[in-house]
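Structure data (PDB, C-alpha atoms and all ligand atoms) from structure16.pdb:
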ATOM      1  CA  MET A   1     -41.451 -69.670 -44.934  1.00  0.00           C
ATOM      2  CA  ASN A   2     -43.465 -70.348 -41.881  1.00  0.00           C
ATOM      3  CA  PRO A   3     -44.128 -66.976 -40.310  1.00  0.00           C
ATOM      4  CA  GLY A   4     -45.051 -66.867 -36.680  1.00  0.00           C
ATOM      5  CA  SER A   5     -44.035 -70.418 -35.843  1.00  0.00           C
ATOM      6  CA  ALA A   6     -40.305 -70.029 -35.411  1.00  0.00           C
ATOM      7  CA  ALA A   7     -39.121 -69.390 -31.874  1.00  0.00           C
ATOM      8  CA  PRO A   8     -36.327 -66.831 -31.792  1.00  0.00           C
ATOM      9  CA  VAL A   9     -32.955 -68.567 -31.826  1.00  0.00           C
ATOM     10  CA  ARG A  10     -31.109 -67.637 -28.674  1.00  0.00           C
ATOM     11  CA  ARG A  11     -27.346 -67.425 -29.051  1.00  0.00           C
ATOM     12  CA  PRO A  12     -24.675 -68.213 -26.484  1.00  0.00           C
ATOM     13  CA  ALA A  13     -22.380 -65.453 -25.292  1.00  0.00           C
ATOM     14  CA  VAL A  14     -19.059 -65.083 -23.597  1.00  0.00           C
ATOM     15  CA  PHE A  15     -19.305 -62.277 -21.069  1.00  0.00           C
ATOM     16  CA  LEU A  16     -15.989 -60.531 -20.581  1.00  0.00           C
ATOM     17  CA  ASP A  17     -14.799 -58.428 -17.728  1.00  0.00           C
ATOM     18  CA  ARG A  18     -12.928 -55.384 -19.053  1.00  0.00           C
ATOM     19  CA  ASP A  19     -10.138 -54.368 -16.658  1.00  0.00           C
ATOM     20  CA  GLY A  20      -7.677 -57.164 -15.927  1.00  0.00           C
ATOM     21  CA  THR A  21      -9.264 -59.485 -18.488  1.00  0.00           C
ATOM     22  CA  VAL A  22      -9.549 -57.886 -21.960  1.00  0.00           C
ATOM     23  CA  ALA A  23      -7.462 -54.846 -21.013  1.00  0.00           C
ATOM     24  CA  GLU A  24      -4.688 -54.447 -18.463  1.00  0.00           C
ATOM     25  CA  GLU A  25      -5.672 -53.833 -14.856  1.00  0.00           C
ATOM     26  CA  VAL A  26      -4.261 -50.375 -14.157  1.00  0.00           C
ATOM     27  CA  GLY A  27      -6.471 -49.199 -11.310  1.00  0.00           C
ATOM     28  CA  TYR A  28      -9.245 -46.722 -12.046  1.00  0.00           C
ATOM     29  CA  VAL A  29      -9.433 -45.913 -15.737  1.00  0.00           C
ATOM     30  CA  ASN A  30      -9.943 -42.181 -15.410  1.00  0.00           C
ATOM     31  CA  HIS A  31      -8.655 -41.466 -18.915  1.00  0.00           C
ATOM     32  CA  ALA A  32      -9.172 -43.403 -22.145  1.00  0.00           C
ATOM     33  CA  SER A  33      -5.397 -43.533 -22.704  1.00  0.00           C
ATOM     34  CA  ARG A  34      -5.151 -45.925 -19.758  1.00  0.00           C
ATOM     35  CA  ILE A  35      -6.850 -48.678 -21.778  1.00  0.00           C
ATOM     36  CA  ARG A  36      -4.228 -51.163 -23.001  1.00  0.00           C
ATOM     37  CA  LEU A  37      -5.191 -54.491 -24.504  1.00  0.00           C
ATOM     38  CA  LEU A  38      -3.702 -57.598 -22.953  1.00  0.00           C
ATOM     39  CA  PRO A  39      -1.550 -59.387 -25.562  1.00  0.00           C
ATOM     40  CA  ARG A  40      -3.861 -62.122 -26.813  1.00  0.00           C
ATOM     41  CA  SER A  41      -7.252 -60.499 -26.163  1.00  0.00           C
ATOM     42  CA  ALA A  42      -8.103 -59.579 -29.738  1.00  0.00           C
ATOM     43  CA  GLU A  43      -7.273 -63.045 -31.013  1.00  0.00           C
ATOM     44  CA  ALA A  44      -9.411 -64.591 -28.260  1.00  0.00           C
ATOM     45  CA  VAL A  45     -12.409 -62.400 -29.094  1.00  0.00           C
ATOM     46  CA  LYS A  46     -12.049 -63.198 -32.792  1.00  0.00           C
ATOM     47  CA  ARG A  47     -11.998 -66.937 -32.152  1.00  0.00           C
ATOM     48  CA  LEU A  48     -15.013 -66.840 -29.890  1.00  0.00           C
ATOM     49  CA  ARG A  49     -17.073 -64.811 -32.329  1.00  0.00           C
ATOM     50  CA  SER A  50     -16.070 -67.016 -35.283  1.00  0.00           C
ATOM     51  CA  ALA A  51     -17.378 -69.963 -33.272  1.00  0.00           C
ATOM     52  CA  GLY A  52     -20.753 -68.239 -32.876  1.00  0.00           C
ATOM     53  CA  TYR A  53     -20.463 -66.670 -29.436  1.00  0.00           C
ATOM     54  CA  LEU A  54     -21.502 -63.114 -28.805  1.00  0.00           C
ATOM     55  CA  ALA A  55     -18.744 -61.136 -27.059  1.00  0.00           C
ATOM     56  CA  VAL A  56     -20.241 -58.921 -24.373  1.00  0.00           C
ATOM     57  CA  VAL A  57     -18.184 -56.813 -21.990  1.00  0.00           C
ATOM     58  CA  VAL A  58     -19.639 -56.293 -18.503  1.00  0.00           C
ATOM     59  CA  THR A  59     -17.664 -53.928 -16.288  1.00  0.00           C
ATOM     60  CA  ASN A  60     -18.070 -52.365 -12.839  1.00  0.00           C
ATOM     61  CA  GLN A  61     -17.102 -48.695 -12.970  1.00  0.00           C
ATOM     62  CA  ALA A  62     -17.726 -47.468  -9.439  1.00  0.00           C
ATOM     63  CA  GLY A  63     -15.187 -44.714 -10.057  1.00  0.00           C
ATOM     64  CA  VAL A  64     -18.182 -42.808 -11.395  1.00  0.00           C
ATOM     65  CA  ALA A  65     -20.111 -43.121  -8.122  1.00  0.00           C
ATOM     66  CA  ARG A  66     -16.954 -42.261  -6.191  1.00  0.00           C
ATOM     67  CA  ASP A  67     -16.626 -39.140  -8.348  1.00  0.00           C
ATOM     68  CA  TYR A  68     -13.140 -40.094  -9.541  1.00  0.00           C
ATOM     69  CA  PHE A  69     -14.304 -39.527 -13.131  1.00  0.00           C
ATOM     70  CA  GLU A  70     -17.426 -38.728 -15.079  1.00  0.00           C
ATOM     71  CA  GLU A  71     -19.592 -41.206 -16.886  1.00  0.00           C
ATOM     72  CA  ARG A  72     -18.448 -39.851 -20.260  1.00  0.00           C
ATOM     73  CA  ILE A  73     -14.947 -41.113 -19.427  1.00  0.00           C
ATOM     74  CA  VAL A  74     -16.352 -44.648 -19.234  1.00  0.00           C
ATOM     75  CA  HIS A  75     -17.758 -44.167 -22.743  1.00  0.00           C
ATOM     76  CA  GLN A  76     -14.440 -42.825 -24.008  1.00  0.00           C
ATOM     77  CA  ALA A  77     -12.517 -45.697 -22.442  1.00  0.00           C
ATOM     78  CA  ASN A  78     -14.950 -48.238 -23.899  1.00  0.00           C
ATOM     79  CA  GLN A  79     -14.624 -46.555 -27.291  1.00  0.00           C
ATOM     80  CA  ARG A  80     -10.871 -46.845 -27.007  1.00  0.00           C
ATOM     81  CA  LEU A  81     -11.227 -50.554 -26.194  1.00  0.00           C
ATOM     82  CA  VAL A  82     -13.382 -51.034 -29.307  1.00  0.00           C
ATOM     83  CA  GLU A  83     -10.858 -49.102 -31.395  1.00  0.00           C
ATOM     84  CA  LEU A  84      -7.864 -51.122 -30.166  1.00  0.00           C
ATOM     85  CA  LEU A  85      -9.696 -54.401 -30.766  1.00  0.00           C
ATOM     86  CA  SER A  86     -10.770 -53.333 -34.240  1.00  0.00           C
ATOM     87  CA  ARG A  87      -7.157 -52.535 -35.168  1.00  0.00           C
ATOM     88  CA  GLU A  88      -6.525 -56.229 -34.617  1.00  0.00           C
ATOM     89  CA  GLY A  89      -9.652 -57.272 -36.475  1.00  0.00           C
ATOM     90  CA  ALA A  90     -11.831 -58.022 -33.435  1.00  0.00           C
ATOM     91  CA  ALA A  91     -15.247 -56.661 -32.495  1.00  0.00           C
ATOM     92  CA  LEU A  92     -17.546 -56.712 -29.498  1.00  0.00           C
ATOM     93  CA  ASP A  93     -21.312 -57.209 -29.631  1.00  0.00           C
ATOM     94  CA  ALA A  94     -22.072 -54.953 -26.675  1.00  0.00           C
ATOM     95  CA  ILE A  95     -20.596 -53.299 -23.611  1.00  0.00           C
ATOM     96  CA  TYR A  96     -22.480 -52.875 -20.330  1.00  0.00           C
ATOM     97  CA  TYR A  97     -21.158 -50.996 -17.339  1.00  0.00           C
ATOM     98  CA  CYS A  98     -22.317 -50.280 -13.813  1.00  0.00           C
ATOM     99  CA  PRO A  99     -21.490 -46.757 -12.581  1.00  0.00           C
ATOM    100  CA  HIS A 100     -23.039 -47.303  -9.129  1.00  0.00           C
ATOM    101  CA  HIS A 101     -21.822 -47.919  -5.626  1.00  0.00           C
ATOM    102  CA  PRO A 102     -24.073 -48.943  -2.735  1.00  0.00           C
ATOM    103  CA  ARG A 103     -22.430 -46.694  -0.111  1.00  0.00           C
ATOM    104  CA  GLU A 104     -20.270 -44.114  -1.873  1.00  0.00           C
ATOM    105  CA  GLY A 105     -21.056 -40.912  -3.697  1.00  0.00           C
ATOM    106  CA  GLU A 106     -24.347 -39.247  -4.374  1.00  0.00           C
ATOM    107  CA  SER A 107     -27.580 -39.771  -6.262  1.00  0.00           C
ATOM    108  CA  PRO A 108     -28.116 -41.105  -8.902  1.00  0.00           C
ATOM    109  CA  TYR A 109     -24.943 -43.171  -8.622  1.00  0.00           C
ATOM    110  CA  ARG A 110     -25.176 -44.079  -4.949  1.00  0.00           C
ATOM    111  CA  ARG A 111     -27.511 -46.995  -5.233  1.00  0.00           C
ATOM    112  CA  ASP A 112     -27.830 -50.614  -4.196  1.00  0.00           C
ATOM    113  CA  CYS A 113     -28.308 -51.607  -7.830  1.00  0.00           C
ATOM    114  CA  GLN A 114     -28.756 -54.993  -9.426  1.00  0.00           C
ATOM    115  CA  CYS A 115     -26.066 -54.385 -12.060  1.00  0.00           C
ATOM    116  CA  ARG A 116     -22.931 -54.157  -9.914  1.00  0.00           C
ATOM    117  CA  LYS A 117     -21.113 -57.494 -10.076  1.00  0.00           C
ATOM    118  CA  PRO A 118     -21.329 -59.951  -8.267  1.00  0.00           C
ATOM    119  CA  ARG A 119     -25.001 -59.310  -8.983  1.00  0.00           C
ATOM    120  CA  PRO A 120     -26.123 -60.605 -12.356  1.00  0.00           C
ATOM    121  CA  GLY A 121     -28.054 -57.531 -13.591  1.00  0.00           C
ATOM    122  CA  MET A 122     -25.798 -56.717 -16.546  1.00  0.00           C
ATOM    123  CA  LEU A 123     -25.853 -60.321 -17.736  1.00  0.00           C
ATOM    124  CA  HIS A 124     -29.638 -60.444 -17.447  1.00  0.00           C
ATOM    125  CA  GLN A 125     -30.003 -57.143 -19.293  1.00  0.00           C
ATOM    126  CA  ALA A 126     -27.723 -58.342 -22.090  1.00  0.00           C
ATOM    127  CA  ALA A 127     -29.581 -61.653 -22.292  1.00  0.00           C
ATOM    128  CA  GLN A 128     -32.807 -59.746 -22.791  1.00  0.00           C
ATOM    129  CA  ASP A 129     -31.393 -57.206 -25.274  1.00  0.00           C
ATOM    130  CA  LEU A 130     -29.419 -59.675 -27.400  1.00  0.00           C
ATOM    131  CA  GLU A 131     -31.549 -62.833 -26.959  1.00  0.00           C
ATOM    132  CA  ILE A 132     -28.727 -64.717 -25.278  1.00  0.00           C
ATOM    133  CA  ASP A 133     -28.961 -68.344 -24.219  1.00  0.00           C
ATOM    134  CA  LEU A 134     -27.493 -68.026 -20.718  1.00  0.00           C
ATOM    135  CA  GLY A 135     -27.386 -71.805 -20.287  1.00  0.00           C
ATOM    136  CA  GLY A 136     -24.829 -72.082 -23.086  1.00  0.00           C
ATOM    137  CA  SER A 137     -22.837 -69.025 -22.031  1.00  0.00           C
ATOM    138  CA  TYR A 138     -19.629 -68.269 -20.140  1.00  0.00           C
ATOM    139  CA  MET A 139     -18.148 -65.413 -18.137  1.00  0.00           C
ATOM    140  CA  VAL A 140     -14.419 -64.710 -18.076  1.00  0.00           C
ATOM    141  CA  GLY A 141     -12.960 -62.408 -15.445  1.00  0.00           C
ATOM    142  CA  ASP A 142     -10.024 -61.776 -13.113  1.00  0.00           C
ATOM    143  CA  GLY A 143     -12.174 -61.071 -10.057  1.00  0.00           C
ATOM    144  CA  MET A 144     -14.293 -63.137  -7.718  1.00  0.00           C
ATOM    145  CA  VAL A 145     -17.120 -60.703  -8.435  1.00  0.00           C
ATOM    146  CA  ASP A 146     -17.002 -62.001 -12.006  1.00  0.00           C
ATOM    147  CA  VAL A 147     -17.258 -65.581 -10.796  1.00  0.00           C
ATOM    148  CA  GLY A 148     -20.123 -64.579  -8.504  1.00  0.00           C
ATOM    149  CA  ALA A 149     -22.047 -62.776 -11.235  1.00  0.00           C
ATOM    150  CA  ALA A 150     -21.591 -65.762 -13.537  1.00  0.00           C
ATOM    151  CA  ARG A 151     -22.921 -68.214 -10.946  1.00  0.00           C
ATOM    152  CA  ALA A 152     -25.849 -65.910 -10.147  1.00  0.00           C
ATOM    153  CA  ALA A 153     -26.786 -65.747 -13.840  1.00  0.00           C
ATOM    154  CA  GLY A 154     -26.276 -69.474 -14.435  1.00  0.00           C
ATOM    155  CA  VAL A 155     -23.349 -69.101 -16.814  1.00  0.00           C
ATOM    156  CA  VAL A 156     -20.032 -70.967 -16.549  1.00  0.00           C
ATOM    157  CA  PRO A 157     -17.358 -68.904 -14.729  1.00  0.00           C
ATOM    158  CA  ILE A 158     -13.724 -68.894 -15.786  1.00  0.00           C
ATOM    159  CA  LEU A 159     -11.142 -67.079 -13.682  1.00  0.00           C
ATOM    160  CA  VAL A 160      -8.142 -65.715 -15.579  1.00  0.00           C
ATOM    161  CA  LEU A 161      -4.751 -65.233 -13.915  1.00  0.00           C
ATOM    162  CA  THR A 162      -4.195 -61.836 -15.522  1.00  0.00           C
ATOM    163  CA  GLY A 163      -5.083 -58.673 -13.574  1.00  0.00           C
ATOM    164  CA  TYR A 164      -6.058 -59.529  -9.986  1.00  0.00           C
ATOM    165  CA  GLY A 165      -6.615 -63.177 -10.912  1.00  0.00           C
ATOM    166  CA  ARG A 166      -3.268 -64.628  -9.896  1.00  0.00           C
ATOM    167  CA  GLY A 167      -3.439 -63.010  -6.468  1.00  0.00           C
ATOM    168  CA  HIS A 168      -6.963 -64.293  -5.919  1.00  0.00           C
ATOM    169  CA  TYR A 169      -5.866 -67.749  -6.972  1.00  0.00           C
ATOM    170  CA  GLU A 170      -2.562 -68.029  -5.113  1.00  0.00           C
ATOM    171  CA  HIS A 171      -3.346 -66.163  -1.911  1.00  0.00           C
ATOM    172  CA  ARG A 172      -7.100 -66.128  -1.390  1.00  0.00           C
ATOM    173  CA  ARG A 173      -8.317 -69.451  -2.696  1.00  0.00           C
ATOM    174  CA  SER A 174      -9.060 -70.903   0.748  1.00  0.00           C
ATOM    175  CA  ARG A 175     -11.583 -68.118   1.349  1.00  0.00           C
ATOM    176  CA  TRP A 176     -13.499 -68.336  -1.899  1.00  0.00           C
ATOM    177  CA  THR A 177     -17.232 -68.605  -1.388  1.00  0.00           C
ATOM    178  CA  VAL A 178     -17.877 -69.225  -5.089  1.00  0.00           C
ATOM    179  CA  GLN A 179     -15.788 -71.444  -7.311  1.00  0.00           C
ATOM    180  CA  PRO A 180     -14.799 -70.921 -10.920  1.00  0.00           C
ATOM    181  CA  GLU A 181     -15.436 -73.857 -13.232  1.00  0.00           C
ATOM    182  CA  HIS A 182     -12.007 -73.378 -14.766  1.00  0.00           C
ATOM    183  CA  ILE A 183      -8.839 -71.329 -14.246  1.00  0.00           C
ATOM    184  CA  ALA A 184      -7.047 -70.047 -17.349  1.00  0.00           C
ATOM    185  CA  GLU A 185      -3.767 -68.193 -17.865  1.00  0.00           C
ATOM    186  CA  ASP A 186      -5.488 -65.435 -19.807  1.00  0.00           C
ATOM    187  CA  LEU A 187      -8.470 -64.688 -22.015  1.00  0.00           C
ATOM    188  CA  PHE A 188      -6.942 -66.546 -24.926  1.00  0.00           C
ATOM    189  CA  ASP A 189      -6.547 -69.733 -22.871  1.00  0.00           C
ATOM    190  CA  ALA A 190     -10.076 -69.280 -21.571  1.00  0.00           C
ATOM    191  CA  ALA A 191     -11.364 -69.034 -25.142  1.00  0.00           C
ATOM    192  CA  GLU A 192      -9.470 -72.178 -26.108  1.00  0.00           C
ATOM    193  CA  TRP A 193     -11.021 -74.034 -23.179  1.00  0.00           C
ATOM    194  CA  ILE A 194     -14.503 -72.885 -24.144  1.00  0.00           C
ATOM    195  CA  LEU A 195     -14.048 -73.948 -27.757  1.00  0.00           C
ATOM    196  CA  GLN A 196     -12.546 -77.286 -26.720  1.00  0.00           C
ATOM    197  CA  ARG A 197     -15.464 -77.942 -24.414  1.00  0.00           C
ATOM    198  CA  LYS A 198     -17.919 -77.139 -27.162  1.00  0.00           C
ATOM    199  CA  ARG A 199     -16.289 -79.663 -29.459  1.00  0.00           C
ATOM    200  CA  ARG A 200     -16.302 -82.366 -26.810  1.00  0.00           C
ATOM    201  CA  PRO A 201     -19.342 -81.792 -24.614  1.00  0.00           C
ATOM    202  CA  GLU A 202     -19.197 -83.600 -21.254  1.00  0.00           C
TER     203      GLU A 202
HETATM  204 MG    MG B   1     -11.361 -57.099 -13.569  1.00  0.00          MG
HETATM  205 ZN    ZN B   2     -25.208 -50.661 -11.060  1.00  0.00          ZN
END

Take the structure I supplied and represent it as structure tokens, if you would.
Ligand SMILES: [Mg+2]
Ligand SMILES: [Zn+2]
Amino acid sequence: MNPGSAAPVRRPAVFLDRDGTVAEEVGYVNHASRIRLLPRSAEAVKRLRSAGYLAVVVTNQAGVARDYFEERIVHQANQRLVELLSREGAALDAIYYCPHHPREGESPYRRDCQCRKPRPGMLHQAAQDLEIDLGGSYMVGDGMVDVGAARAAGVVPILVLTGYGRGHYEHRRSRWTVQPEHIAEDLFDAAEWILQRKRRPE
């Protein structure tokens, strides 16, 4: 024992977008029953966590600011996500969400916050709360806001072709202002790429 001398060990994380990445993209999730896992999500989360990565969901939920649904619905939907994952033996380490919108709705949700992706606020908050090593971390998402948030936080962005991903990739690529490091079919493929890369660092 050497109390006081050990620096806290920071762990790497894989940040996961919720809608279109872990769960199906179905538009605004205004009821928990709209949460459906994508086929290989649970397996992907299990593999990442077995390899030592924290699994942290970071999701924009501006439907709250727009008054499409109340904040408690976000909690219920997230709870449903946790429940569906746990049925397949997978767990998350944390879930962060941003209920804000810079121009829509009313106080306290109408706000030019730091948490709404592509800003990196949720990743920074998680890094602080969970002692995450951002330099060894990844972000997987189906939106360019996910890629943007990843770049802003200094984590490696992976775009998945589920959800809005394929449309972004096939029809909008020439206009991208931020680039993903890798493009994967789905979260499972993204996880495989991450684990592969860890085994054979470049
Ligand atoms: Mg998404
Ligand atoms: Zn926010």

| said: Please return as a PyMOL selection string the residues found within 12 Å of ligand ZN 2 (chain B), counting all atoms listed in the file. | reply: chain A and resi 58-65+96-103+108-123+125

| task | Would you list the contacts of Gly135 in chain A as a list in words, taking every protein, DNA or RNA residue within 8 Å and counting only C-alpha atoms, but skipping same-chain residues closer than 6 positions in sequence? | result | Pro12, Gly154 and Val155 of chain A

| request: Step by step, measure atom-to-atom distances between ligand MG 1 (chain B) and each residue using all atoms listed in the file, keep those at most 6 Å, then write them as a count of residues only. | output: 8

Could you list, as a PDB file with C-alpha atoms, in the frame of the given file, every residue within 8 Å of Ala77 in chain A, counting only C-alpha atoms and ignoring same-chain residues fewer than 6 positions away?
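Just written: part.pdb:
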ATOM      1  CA  VAL A  29      -9.433 -45.913 -15.737  1.00  0.00           C
ATOM      2  CA  HIS A  31      -8.655 -41.466 -18.915  1.00  0.00           C
ATOM      3  CA  ALA A  32      -9.172 -43.403 -22.145  1.00  0.00           C
ATOM      4  CA  SER A  33      -5.397 -43.533 -22.704  1.00  0.00           C
ATOM      5  CA  ARG A  34      -5.151 -45.925 -19.758  1.00  0.00           C
ATOM      6  CA  ILE A  35      -6.850 -48.678 -21.778  1.00  0.00           C
TER       7      ILE A  35
END

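Using all atoms listed in the file for every distance, the candidate list A:Asp93, A:Glu185, A:Glu71, A:Glu24 yields A:Asp93 as the residue closest to Leu48 in chain A.
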
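Comparing A:Ala13, A:Val56, A:Met144, A:Leu92 by their smallest distance to His168 in chain A, the closest is A:Met144 (using all atoms listed in the file).
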
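Comparing the minimum interatomic distances between Phe15 in chain A and each of A:Ala191, A:Ile183, A:Leu37, A:Val178, counting all atoms listed in the file, we find that A:Ala191 sits nearest.
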
Could you add whatever atoms are missing so that range 34-63 of chain A carries N, CA and C atoms, then write the result as an mmCIF file, in the frame of the given file?
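selection-v7.cif, written as the output of this step:
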data_model
loop_
_atom_site.group_PDB
_atom_site.id
_atom_site.type_symbol
_atom_site.label_atom_id
_atom_site.label_comp_id
_atom_site.auth_asym_id
_atom_site.auth_seq_id
_atom_site.Cartn_x
_atom_site.Cartn_y
_atom_site.Cartn_z
ATOM 1 N N ARG A 34 -5.590 -44.857 -20.667
ATOM 2 C CA ARG A 34 -5.151 -45.925 -19.758
ATOM 3 C C ARG A 34 -5.599 -47.318 -20.214
ATOM 4 N N ILE A 35 -6.424 -47.373 -21.248
ATOM 5 C CA ILE A 35 -6.850 -48.678 -21.778
ATOM 6 C C ILE A 35 -5.741 -49.267 -22.649
ATOM 7 N N ARG A 36 -5.228 -50.422 -22.220
ATOM 8 C CA ARG A 36 -4.228 -51.163 -23.001
ATOM 9 C C ARG A 36 -4.711 -52.601 -23.119
ATOM 10 N N LEU A 37 -4.755 -53.102 -24.331
ATOM 11 C CA LEU A 37 -5.191 -54.491 -24.504
ATOM 12 C C LEU A 37 -4.158 -55.441 -23.926
ATOM 13 N N LEU A 38 -4.610 -56.515 -23.302
ATOM 14 C CA LEU A 38 -3.702 -57.598 -22.953
ATOM 15 C C LEU A 38 -3.318 -58.315 -24.251
ATOM 16 N N PRO A 39 -2.117 -58.904 -24.301
ATOM 17 C CA PRO A 39 -1.550 -59.387 -25.562
ATOM 18 C C PRO A 39 -2.463 -60.229 -26.471
ATOM 19 N N ARG A 40 -3.149 -61.218 -25.921
ATOM 20 C CA ARG A 40 -3.861 -62.122 -26.813
ATOM 21 C C ARG A 40 -5.380 -61.908 -26.797
ATOM 22 N N SER A 41 -5.808 -60.752 -26.290
ATOM 23 C CA SER A 41 -7.252 -60.499 -26.163
ATOM 24 C C SER A 41 -7.970 -60.464 -27.498
ATOM 25 N N ALA A 42 -7.414 -59.736 -28.455
ATOM 26 C CA ALA A 42 -8.103 -59.579 -29.738
ATOM 27 C C ALA A 42 -8.269 -60.930 -30.423
ATOM 28 N N GLU A 43 -7.214 -61.725 -30.392
ATOM 29 C CA GLU A 43 -7.273 -63.045 -31.013
ATOM 30 C C GLU A 43 -8.344 -63.911 -30.330
ATOM 31 N N ALA A 44 -8.415 -63.819 -29.006
ATOM 32 C CA ALA A 44 -9.411 -64.591 -28.260
ATOM 33 C C ALA A 44 -10.827 -64.190 -28.660
ATOM 34 N N VAL A 45 -11.072 -62.893 -28.741
ATOM 35 C CA VAL A 45 -12.409 -62.400 -29.094
ATOM 36 C C VAL A 45 -12.768 -62.850 -30.513
ATOM 37 N N LYS A 46 -11.798 -62.762 -31.412
ATOM 38 C CA LYS A 46 -12.049 -63.198 -32.792
ATOM 39 C C LYS A 46 -12.450 -64.667 -32.842
ATOM 40 N N ARG A 47 -11.710 -65.495 -32.130
ATOM 41 C CA ARG A 47 -11.998 -66.937 -32.152
ATOM 42 C C ARG A 47 -13.372 -67.249 -31.596
ATOM 43 N N LEU A 48 -13.709 -66.578 -30.509
ATOM 44 C CA LEU A 48 -15.013 -66.840 -29.890
ATOM 45 C C LEU A 48 -16.146 -66.443 -30.831
ATOM 46 N N ARG A 49 -15.998 -65.279 -31.445
ATOM 47 C CA ARG A 49 -17.073 -64.811 -32.329
ATOM 48 C C ARG A 49 -17.158 -65.658 -33.595
ATOM 49 N N SER A 50 -16.013 -66.122 -34.102
ATOM 50 C CA SER A 50 -16.070 -67.016 -35.283
ATOM 51 C C SER A 50 -16.803 -68.307 -34.950
ATOM 52 N N ALA A 51 -16.717 -68.725 -33.684
ATOM 53 C CA ALA A 51 -17.378 -69.963 -33.272
ATOM 54 C C ALA A 51 -18.851 -69.732 -32.933
ATOM 55 N N GLY A 52 -19.329 -68.502 -33.070
ATOM 56 C CA GLY A 52 -20.753 -68.239 -32.876
ATOM 57 C C GLY A 52 -21.134 -67.634 -31.541
ATOM 58 N N TYR A 53 -20.161 -67.317 -30.719
ATOM 59 C CA TYR A 53 -20.463 -66.670 -29.436
ATOM 60 C C TYR A 53 -20.542 -65.159 -29.594
ATOM 61 N N LEU A 54 -21.491 -64.568 -28.923
ATOM 62 C CA LEU A 54 -21.502 -63.114 -28.805
ATOM 63 C C LEU A 54 -20.432 -62.738 -27.785
ATOM 64 N N ALA A 55 -19.755 -61.625 -28.003
ATOM 65 C CA ALA A 55 -18.744 -61.136 -27.059
ATOM 66 C C ALA A 55 -19.289 -59.882 -26.394
ATOM 67 N N VAL A 56 -19.567 -59.999 -25.086
ATOM 68 C CA VAL A 56 -20.241 -58.921 -24.373
ATOM 69 C C VAL A 56 -19.422 -58.519 -23.146
ATOM 70 N N VAL A 57 -18.955 -57.299 -23.135
ATOM 71 C CA VAL A 57 -18.184 -56.813 -21.990
ATOM 72 C C VAL A 57 -19.138 -56.335 -20.893
ATOM 73 N N VAL A 58 -18.867 -56.749 -19.664
ATOM 74 C CA VAL A 58 -19.639 -56.293 -18.503
ATOM 75 C C VAL A 58 -18.654 -55.799 -17.445
ATOM 76 N N THR A 59 -18.707 -54.513 -17.139
ATOM 77 C CA THR A 59 -17.664 -53.928 -16.288
ATOM 78 C C THR A 59 -18.245 -53.059 -15.176
ATOM 79 N N ASN A 60 -17.726 -53.252 -13.962
ATOM 80 C CA ASN A 60 -18.070 -52.365 -12.839
ATOM 81 C C ASN A 60 -17.225 -51.109 -12.953
ATOM 82 N N GLN A 61 -17.845 -49.953 -12.903
ATOM 83 C CA GLN A 61 -17.102 -48.695 -12.970
ATOM 84 C C GLN A 61 -17.556 -47.773 -11.837
ATOM 85 N N ALA A 62 -17.301 -48.220 -10.613
ATOM 86 C CA ALA A 62 -17.726 -47.468 -9.439
ATOM 87 C C ALA A 62 -16.947 -46.170 -9.275
ATOM 88 N N GLY A 63 -15.901 -45.987 -10.066
ATOM 89 C CA GLY A 63 -15.187 -44.714 -10.057
ATOM 90 C C GLY A 63 -16.117 -43.555 -10.376
#
